[in-house]
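*Asks:* Contents are compact mmCIF, C-alpha atoms; file name protein.txt:
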# COMPACT_ATOMS: atom_id res chain seq x y z
CA MET O 170 0.00 0.00 0.00
CA ILE O 171 2.82 2.38 0.87
CA ILE O 172 4.55 1.61 -2.43
CA GLY O 173 1.28 2.26 -4.27
CA CYS O 174 0.93 5.65 -2.56
CA ILE O 175 4.49 6.57 -3.44
CA ILE O 176 3.93 5.59 -7.07
CA GLY O 177 0.72 7.60 -7.11
CA ILE O 178 2.42 10.70 -5.68
CA LEU O 179 5.33 10.41 -8.12
CA THR O 180 2.91 10.02 -11.02
CA ILE O 181 1.01 13.16 -10.00
CA MET O 182 4.27 15.10 -9.63
CA PHE O 183 5.40 13.94 -13.07
CA LEU O 184 2.11 15.03 -14.65
CA ILE O 185 2.40 18.43 -12.97
CA VAL O 186 5.91 18.85 -14.38
CA LEU O 187 4.66 17.93 -17.86
CA TYR O 188 1.88 20.50 -17.53
CA LEU O 189 4.37 23.18 -16.55
CA ILE O 190 6.88 22.56 -19.35
CA LYS O 191 4.37 21.88 -22.12
CA PRO O 192 4.92 24.12 -25.19
CA ASN O 193 2.20 25.24 -27.56
CA GLN O 194 0.69 22.67 -29.87
CA LYS O 195 3.18 22.44 -32.73
CA ARG O 196 2.18 24.71 -35.60
CA ILE O 197 5.56 25.22 -37.23
CA GLU O 198 8.07 22.51 -38.13
CA ALA O 199 10.96 24.82 -38.97
CA LEU O 200 11.91 28.43 -39.45
CA PRO O 201 12.32 29.68 -43.04
CA VAL O 202 16.15 29.56 -42.99
CA ARG O 203 18.71 27.50 -41.12
CA LEU O 204 21.17 30.23 -40.09
CA PHE O 205 20.27 33.38 -38.14
CA ALA O 206 23.04 35.92 -37.60
CA HIS O 207 23.08 36.89 -33.92
CA ARG O 208 22.58 40.67 -33.74
CA GLY O 209 23.30 40.79 -37.46
CA LEU O 210 26.50 39.74 -39.20
CA HIS O 211 28.91 41.71 -37.04
CA GLY O 212 32.64 41.66 -36.40
CA LYS O 213 35.72 43.00 -38.20
CA GLY O 214 34.76 46.61 -37.57
CA ILE O 215 31.01 46.09 -37.99
CA PRO O 216 29.23 46.52 -34.62
CA GLU O 217 26.34 44.33 -33.50
CA ASN O 218 22.70 45.32 -34.00
CA THR O 219 23.52 47.98 -36.58
CA LEU O 220 22.11 48.66 -40.01
CA LYS O 221 25.45 47.68 -41.53
CA ALA O 222 25.40 44.32 -39.70
CA PHE O 223 21.88 43.70 -40.99
CA ARG O 224 22.85 44.57 -44.56
CA MET O 225 25.79 42.17 -44.38
CA ALA O 226 23.53 39.35 -43.16
CA SER O 227 20.98 40.08 -45.87
CA GLU O 228 23.66 40.06 -48.60
CA ARG O 229 24.70 36.55 -47.53
CA ASN O 230 21.10 35.29 -47.30
CA PHE O 231 21.16 34.75 -43.55
CA GLY O 232 18.24 35.32 -41.26
CA VAL O 233 18.76 37.85 -38.48
CA GLU O 234 18.23 37.80 -34.73
CA LEU O 235 17.99 41.25 -33.16
CA ASP O 236 17.12 42.81 -29.79
CA VAL O 237 14.64 45.58 -29.09
CA ARG O 238 13.87 47.82 -26.15
CA PHE O 239 12.28 51.19 -25.31
CA THR O 240 13.92 54.61 -25.15
CA LEU O 241 12.78 57.24 -22.65
CA ASP O 242 10.29 58.60 -25.20
CA LYS O 243 8.97 55.09 -25.97
CA LYS O 244 10.65 54.58 -29.31
CA VAL O 245 11.50 50.95 -30.13
CA VAL O 246 15.23 50.75 -30.83
CA VAL O 247 17.51 47.85 -31.68
CA PHE O 248 20.04 47.49 -28.88
CA HIS O 249 20.98 44.54 -26.69
CA ASP O 250 22.23 45.95 -23.38
CA ASP O 251 20.14 47.98 -20.97
CA SER O 252 23.17 50.29 -20.56
CA LEU O 253 25.25 52.17 -23.12
CA LYS O 254 28.49 51.47 -21.26
CA ARG O 255 29.82 48.46 -23.19
CA LEU O 256 29.17 49.71 -26.71
CA CYS O 257 29.04 53.48 -26.39
CA GLY O 258 31.19 54.19 -23.34
CA ARG O 259 28.45 56.04 -21.46
CA ASP O 260 27.30 54.75 -18.08
CA ILE O 261 23.62 55.46 -18.61
CA LYS O 262 20.65 53.29 -19.49
CA VAL O 263 18.97 53.32 -22.89
CA ASP O 264 15.57 54.05 -21.38
CA GLU O 265 16.95 57.12 -19.61
CA LEU O 266 17.57 58.93 -22.91
CA THR O 267 15.28 59.97 -25.73
CA TYR O 268 15.83 58.57 -29.20
CA ASP O 269 17.17 61.94 -30.40
CA ALA O 270 19.66 62.02 -27.52
CA LEU O 271 20.81 58.49 -28.35
CA GLN O 272 21.76 59.65 -31.83
CA SER O 273 24.78 61.41 -30.34
CA CYS O 274 26.19 57.97 -29.48
CA ASN O 275 28.40 56.11 -31.93
CA ILE O 276 28.48 52.33 -31.51
CA ALA O 277 31.85 50.77 -30.70
CA GLY O 278 33.81 53.67 -32.18
CA SER O 279 32.18 53.31 -35.60
CA ASP O 280 29.94 55.69 -37.53
CA GLU O 281 26.94 53.47 -36.80
CA LYS O 282 24.07 54.78 -34.65
CA ILE O 283 21.42 52.97 -32.63
CA PRO O 284 18.66 52.22 -35.15
CA LEU O 285 14.92 52.18 -34.76
CA LEU O 286 13.28 48.79 -35.26
CA THR O 287 11.42 50.30 -38.23
CA GLU O 288 14.74 51.27 -39.83
CA ALA O 289 16.20 47.81 -39.27
CA LEU O 290 13.19 46.09 -40.83
CA GLU O 291 13.30 48.45 -43.80
CA VAL O 292 16.92 47.44 -44.42
CA LEU O 293 16.18 43.74 -43.93
CA ASN O 294 13.27 43.96 -46.39
CA GLY O 295 11.82 40.45 -46.13
CA VAL O 296 14.78 38.65 -44.53
CA PRO O 297 13.52 36.18 -41.85
CA VAL O 298 13.82 37.82 -38.43
CA ILE O 299 13.84 36.63 -34.82
CA CYS O 300 12.99 39.64 -32.67
CA GLU O 301 14.04 39.37 -29.04
CA ILE O 302 12.08 41.67 -26.76
CA LYS O 303 14.17 42.92 -23.82
CA SER O 304 11.98 43.67 -20.82
CA ASP O 305 14.71 43.55 -18.15
CA ASN O 306 11.98 42.26 -15.81
CA LYS O 307 11.03 45.73 -14.69
CA GLY O 308 7.73 47.51 -14.94
CA PRO O 309 4.71 46.68 -17.10
CA ILE O 310 5.52 44.97 -20.39
CA GLU O 311 2.24 45.65 -22.19
CA GLU O 312 3.23 49.02 -23.68
CA LEU O 313 6.45 47.62 -25.16
CA CYS O 314 4.66 44.53 -26.50
CA VAL O 315 1.97 46.66 -28.14
CA ALA O 316 4.60 48.92 -29.74
CA VAL O 317 6.61 45.98 -31.09
CA SER O 318 3.46 44.24 -32.28
CA ASP O 319 2.31 47.31 -34.21
CA ILE O 320 5.67 47.51 -35.97
CA ILE O 321 6.22 43.86 -36.85
CA LYS O 322 2.74 43.31 -38.26
CA LYS O 323 3.74 45.61 -41.15
CA TYR O 324 6.87 43.61 -42.00
CA ASN O 325 6.87 42.04 -45.46
CA GLY O 326 8.67 38.85 -44.45
CA PHE O 327 8.72 36.18 -41.76
CA ILE O 328 9.17 37.59 -38.26
CA CYS O 329 8.74 35.93 -34.89
CA ILE O 330 9.33 37.07 -31.33
CA GLU O 331 11.21 35.61 -28.41
CA SER O 332 12.04 36.72 -24.89
CA PHE O 333 13.53 35.52 -21.64
CA ASP O 334 10.54 37.14 -19.96
CA PRO O 335 7.71 34.58 -20.07
CA PHE O 336 5.18 37.35 -19.55
CA VAL O 337 6.28 39.04 -22.77
CA VAL O 338 5.76 35.74 -24.59
CA ARG O 339 2.46 35.31 -22.74
CA TRP O 340 1.29 38.73 -23.95
CA PHE O 341 1.71 37.59 -27.56
CA ARG O 342 0.02 34.30 -26.73
CA LYS O 343 -3.03 36.20 -25.46
CA ASN O 344 -3.10 39.20 -27.79
CA ARG O 345 -1.31 38.22 -31.00
CA PRO O 346 -1.67 34.42 -31.09
CA GLU O 347 -0.89 34.29 -34.82
CA VAL O 348 2.68 35.49 -34.16
CA ILE O 349 5.18 32.64 -33.73
CA ARG O 350 6.69 33.00 -30.24
CA GLY O 351 9.73 31.54 -28.51
CA GLN O 352 10.80 31.10 -24.91
CA LEU O 353 14.46 31.94 -24.34
CA SER O 354 16.34 30.19 -21.59
CA MET O 355 19.66 28.77 -20.45
CA ARG O 356 21.10 26.93 -17.48
CA PHE O 357 20.40 29.80 -15.10
CA THR O 358 22.06 29.73 -11.72
CA THR O 359 22.33 32.34 -8.99
CA GLU O 360 25.99 32.73 -10.03
CA ASN O 361 25.38 33.58 -13.70
CA SER O 362 22.26 35.71 -13.25
CA ASP O 363 20.56 38.06 -10.82
CA LEU O 364 17.58 35.73 -10.48
CA SER O 365 16.50 34.34 -7.16
CA PRO O 366 17.14 30.59 -6.67
CA ILE O 367 13.45 29.80 -7.30
CA LYS O 368 13.26 31.90 -10.49
CA ALA O 369 16.54 30.47 -11.76
CA PHE O 370 15.21 26.94 -11.15
CA MET O 371 11.94 27.67 -12.95
CA MET O 372 13.66 29.36 -15.89
CA ARG O 373 16.32 26.73 -16.55
CA ASN O 374 13.77 23.90 -16.33
CA LEU O 375 11.22 25.72 -18.52
CA PHE O 376 8.51 25.64 -15.86
CA VAL O 377 7.68 29.15 -17.13
CA ASN O 378 6.22 27.52 -20.24
CA VAL O 379 2.98 27.32 -18.27
CA PHE O 380 2.70 31.09 -18.84
CA SER O 381 4.18 31.45 -22.32
CA ARG O 382 3.23 28.18 -24.10
CA PRO O 383 5.89 28.90 -26.71
CA ASP O 384 6.04 27.64 -30.30
CA PHE O 385 9.79 27.11 -29.99
CA ILE O 386 12.46 26.92 -27.33
CA ALA O 387 15.64 28.96 -27.78
CA TYR O 388 18.15 27.49 -25.32
CA ARG O 389 21.83 28.33 -24.91
CA TYR O 390 23.99 25.98 -26.94
CA ARG O 391 25.42 23.07 -24.93
CA ASP O 392 23.37 24.03 -21.86
CA ASP O 393 20.80 21.56 -20.61
CA SER O 394 18.47 20.88 -17.69
CA PHE O 395 16.05 18.18 -16.60
CA GLY O 396 13.05 20.25 -17.72
CA TYR O 397 14.54 21.08 -21.14
CA PHE O 398 15.52 17.43 -21.65
CA LEU O 399 12.06 16.22 -20.69
CA CYS O 400 10.37 18.83 -22.90
CA ARG O 401 12.43 17.69 -25.89
CA CYS O 402 11.76 14.00 -25.27
CA VAL O 403 8.03 14.21 -24.61
CA PHE O 404 6.80 17.13 -26.72
CA LYS O 405 9.51 17.36 -29.40
CA PRO O 406 9.21 21.14 -29.85
CA LEU O 407 11.11 23.22 -32.35
CA CYS O 408 14.43 23.99 -30.60
CA ILE O 409 16.86 26.71 -31.64
CA PRO O 410 20.31 26.91 -30.00
CA TRP O 411 21.99 30.24 -29.23
CA THR O 412 24.65 31.47 -29.70
CA VAL O 413 26.67 28.95 -31.71
CA LYS O 414 30.14 30.39 -32.40
CA GLY O 415 32.67 29.43 -35.06
CA LYS O 416 32.46 27.39 -38.24
CA LYS O 417 33.03 24.02 -36.55
CA ASP O 418 30.24 24.38 -33.97
CA ILE O 419 27.90 25.97 -36.51
CA THR O 420 28.34 22.98 -38.83
CA GLU O 421 27.85 20.56 -35.94
CA ALA O 422 24.73 22.31 -34.61
CA SER O 423 23.24 22.64 -38.10
CA GLY O 424 23.31 18.87 -38.40
CA VAL O 425 21.16 18.54 -35.28
CA TYR O 426 18.86 21.57 -35.32
CA GLY O 427 16.68 22.98 -38.06
CA SER O 428 17.87 26.52 -37.32
CA VAL O 429 20.69 27.99 -35.25
CA ILE O 430 21.54 31.46 -34.02
CA PHE O 431 25.23 31.99 -34.77
CA GLU O 432 28.25 34.27 -34.60
CA GLU O 433 31.75 34.11 -36.13
CA ILE O 434 30.80 31.96 -39.11
CA ASP O 435 34.10 32.76 -40.84
CA ALA O 436 36.20 31.94 -37.77
Go through the file and emit its structure as structure tokens.

*Replies:*
Amino acid sequence: MIIGCIIGILTIMFLIVLYLIKPNQKRIEALPVRLFAHRGLHGKGIPENTLKAFRMASERNFGVELDVRFTLDKKVVVFHDDSLKRLCGRDIKVDELTYDALQSCNIAGSDEKIPLLTEALEVLNGVPVICEIKSDNKGPIEELCVAVSDIIKKYNGFICIESFDPFVVRWFRKNRPEVIRGQLSMRFTTENSDLSPIKAFMMRNLFVNVFSRPDFIAYRYRDDSFGYFLCRCVFKPLCIPWTVKGKKDITEASGVYGSVIFEEIDA
């Protein structure tokens, strides 16, 4: 009887885990192209997430992954970090400056400026795009999601969204269900993130899928977790590794995954 109770409890726990990690019912088998240039095709004097990096990717028929966030005056710009320090040498956050003020910043010592999402999509002109929405887990996300949604619905090519924030993905699930959506994750720990132990545990094991019900999982290349492993085995979702670096790893990952997000393809 005791063994039966234990088996029953374990079965219930297993079913709860499956409910938590379950992705959306599969509605896409693959993305339109295999290779997505991470933040555009950058390097060798071409900074990331710039119009020049996007043109280079387009010329070589790569898809593009890019990052978007708000400025102080609620313009959607393409920029990865919340701060300008790494790329522009100014210790101030992007959302503390207006778009016009940001135009005084050159990226990584180049002539390139921080572009609007509308400008980036105009340059890409139909190239498949993965748009990562950066919420930084602060404040309401609805206004940013609405702004991004209004822009991407006018794009003349394939475009999907992804985010680490499951509530961003959830917003698209509820309000723009036709948009393909992805849950970003990695093997989060308290050492490699500012997440609490509980949030890190939920994120790395994809328990946040209960909120986002994503169409694909974008997980850091070579990272793994029990939840991610179980999700792959049971539900067989579309999985996209990030960021695969160098020709050898890109070739290896391309043999396993339908699409990969890459850097340093010529290295």

*Asks:* Would you kindly identify which residues have an atom no farther than 10 Å from (22.3, 54.5, -32.6), using all atoms listed in the file and the file's own coordinates, and write them out as a list of chain:residue names?

*Replies:*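 Residues with an atom close enough to that point: O:Asn218, O:Thr219, O:Leu220, O:Val246, O:Val247, O:Phe248, O:Cys257, O:Tyr268, O:Asp269, O:Ala270, O:Leu271, O:Gln272, O:Ser273, O:Cys274, O:Asn275, O:Ile276, O:Asp280, O:Glu281, O:Lys282, O:Ile283, O:Pro284, O:Leu285.
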
*Asks:* Which residues, written as a ChimeraX atom specification, have at least one atom at most 12 Å from Glu265 in chain O, with all atoms listed in the file counted and residues fewer than 3 positions away on the same chain left out?

*Replies:* /O:238-244,251-253,259-262,268-271

*Asks:* Suppose we keep C-alpha atoms; can you now write the selection as a tab-separated table (two decimals), in the coordinates of the input?

*Replies:*
chain	number	residue	atom	x	y	z
O	238	ARG	CA	13.87	47.82	-26.15
O	239	PHE	CA	12.28	51.19	-25.31
O	240	THR	CA	13.92	54.61	-25.15
O	241	LEU	CA	12.78	57.24	-22.65
O	242	ASP	CA	10.29	58.60	-25.20
O	243	LYS	CA	8.97	55.09	-25.97
O	244	LYS	CA	10.65	54.58	-29.31
O	251	ASP	CA	20.14	47.98	-20.97
O	252	SER	CA	23.17	50.29	-20.56
O	253	LEU	CA	25.25	52.17	-23.12
O	259	ARG	CA	28.45	56.04	-21.46
O	260	ASP	CA	27.30	54.75	-18.08
O	261	ILE	CA	23.62	55.46	-18.61
O	262	LYS	CA	20.65	53.29	-19.49
O	268	TYR	CA	15.83	58.57	-29.20
O	269	ASP	CA	17.17	61.94	-30.40
O	270	ALA	CA	19.66	62.02	-27.52
O	271	LEU	CA	20.81	58.49	-28.35

*Asks:* Within 9 Å of Ile197 in chain O, counting all atoms listed in the file, which residues qualify if same-chain residues fewer than 6 places away don't, as a count of residues only?

*Replies:* 4

*Asks:* Could you check how far CA of Phe395 in chain O sits from CA of Val425 in chain O, in Å to one decimal?

*Replies:*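 Rounded to one decimal, the two atoms are 19.4 Å apart.
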
*Asks:* Take the point (32.1, 34.6, -37.5) in the file's coordinates, draw a sphere of radius 7 Å around it, and report as a list in words every protein, DNA or RNA residue with an atom inside or on it, counting all atoms listed in the file.

*Replies:*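 These residues have at least one counted atom within 7 Å: Lys414, Gly415, Glu432, Glu433, Ile434, Asp435 and Ala436 of chain O.
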
*Asks:* Measuring between only C-alpha atoms, which one of O:Thr180, O:Ser362, O:Ser227, O:Asn193 shows the shortest distance to Arg350 in chain O?

*Replies:*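 Looking only at the distances to Arg350 in chain O, the closest residue turns out to be O:Asn193.
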
*Asks:* Find the spatial neighbours of Glu291 in chain O, counting only C-alpha atoms, within a cut-off of 12 Å - ignore same-chain residues fewer than 5 positions away - and output them as an mmCIF file with C-alpha atoms, in the coordinates of the input.

*Replies:*
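Writing the result to out.cif gives the following:
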data_model
loop_
_atom_site.group_PDB
_atom_site.id
_atom_site.type_symbol
_atom_site.label_atom_id
_atom_site.label_comp_id
_atom_site.auth_asym_id
_atom_site.auth_seq_id
_atom_site.Cartn_x
_atom_site.Cartn_y
_atom_site.Cartn_z
ATOM 1 C CA LEU O 220 22.110 48.660 -40.010
ATOM 2 C CA PHE O 223 21.880 43.700 -40.990
ATOM 3 C CA ARG O 224 22.850 44.570 -44.560
ATOM 4 C CA SER O 227 20.980 40.080 -45.870
ATOM 5 C CA PRO O 284 18.660 52.220 -35.150
ATOM 6 C CA LEU O 285 14.920 52.180 -34.760
ATOM 7 C CA LEU O 286 13.280 48.790 -35.260
ATOM 8 C CA VAL O 296 14.780 38.650 -44.530
ATOM 9 C CA VAL O 298 13.820 37.820 -38.430
ATOM 10 C CA ILE O 320 5.670 47.510 -35.970
ATOM 11 C CA ILE O 321 6.220 43.860 -36.850
ATOM 12 C CA LYS O 323 3.740 45.610 -41.150
ATOM 13 C CA TYR O 324 6.870 43.610 -42.000
ATOM 14 C CA ASN O 325 6.870 42.040 -45.460
ATOM 15 C CA GLY O 326 8.670 38.850 -44.450
#

*Asks:* If you measure from CA of Asn294 in chain O to CA of Gly214 in chain O, what distance in Å do you get, rounded to one decimal?

*Replies:*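 These atoms are spaced 23.4 Å apart.
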
*Asks:* Any idea what the distance is between CA of Thr267 in chain O and CA of Leu290 in chain O?

*Replies:* 20.6 Å

*Asks:* Residues within 10 Å of range 364-375 of chain O, please, as a PyMOL selection string. Count all atoms listed in the file; anything in the same chain fewer than 4 positions from it doesn't count.

*Replies:* chain O and resi 186+189-192+333-335+352-360+379+381+386+388+392-400

*Asks:* Point out the residue among O:Met225, O:Arg255, O:Ile176, O:Glu312 with the least atom-to-atom distance to Arg208 in chain O, counting only C-alpha atoms.

*Replies:*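 Under the stated criterion, the closest residue is O:Met225.
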
*Asks:* Which residues, written as a list in words, have at least one atom at most 10 Å from Pro309 in chain O, with all atoms listed in the file counted and residues fewer than 5 positions away on the same chain left out?

*Replies:*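 Once the nearby chain positions are removed, what remains is Ser304, Cys314, Phe336 and Val337 of chain O.
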
*Asks:* Which is closer to Leu313 in chain O than all the others in O:Leu293, O:Asp264, O:Arg342, O:Lys416, using all atoms listed in the file?

*Replies:*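 Among the listed residues, the smallest separation from Leu313 in chain O belongs to O:Asp264.
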
*Asks:* From the set O:Phe380, O:Phe231, O:Phe327, O:Phe183, which residue has the shortest atom-to-atom contact distance to Phe431 in chain O, counting only C-alpha atoms?

*Replies:*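 Between O:Phe380, O:Phe231, O:Phe327, O:Phe183, the residue approaching Phe431 in chain O most closely is O:Phe231.
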
*Asks:* Nearest residue to Cys300 in chain O out of O:Ile178, O:Leu184, O:Leu235, O:Ala387, using all atoms listed in the file?

*Replies:* O:Leu235

*Asks:* Taking all atoms listed in the file into account, name the residue in O:Phe376, O:Phe205, O:Phe404, O:Trp340 that is nearest to Ile419 in chain O.

*Replies:*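 Among the listed residues, O:Phe205 lies closest to Ile419 in chain O.
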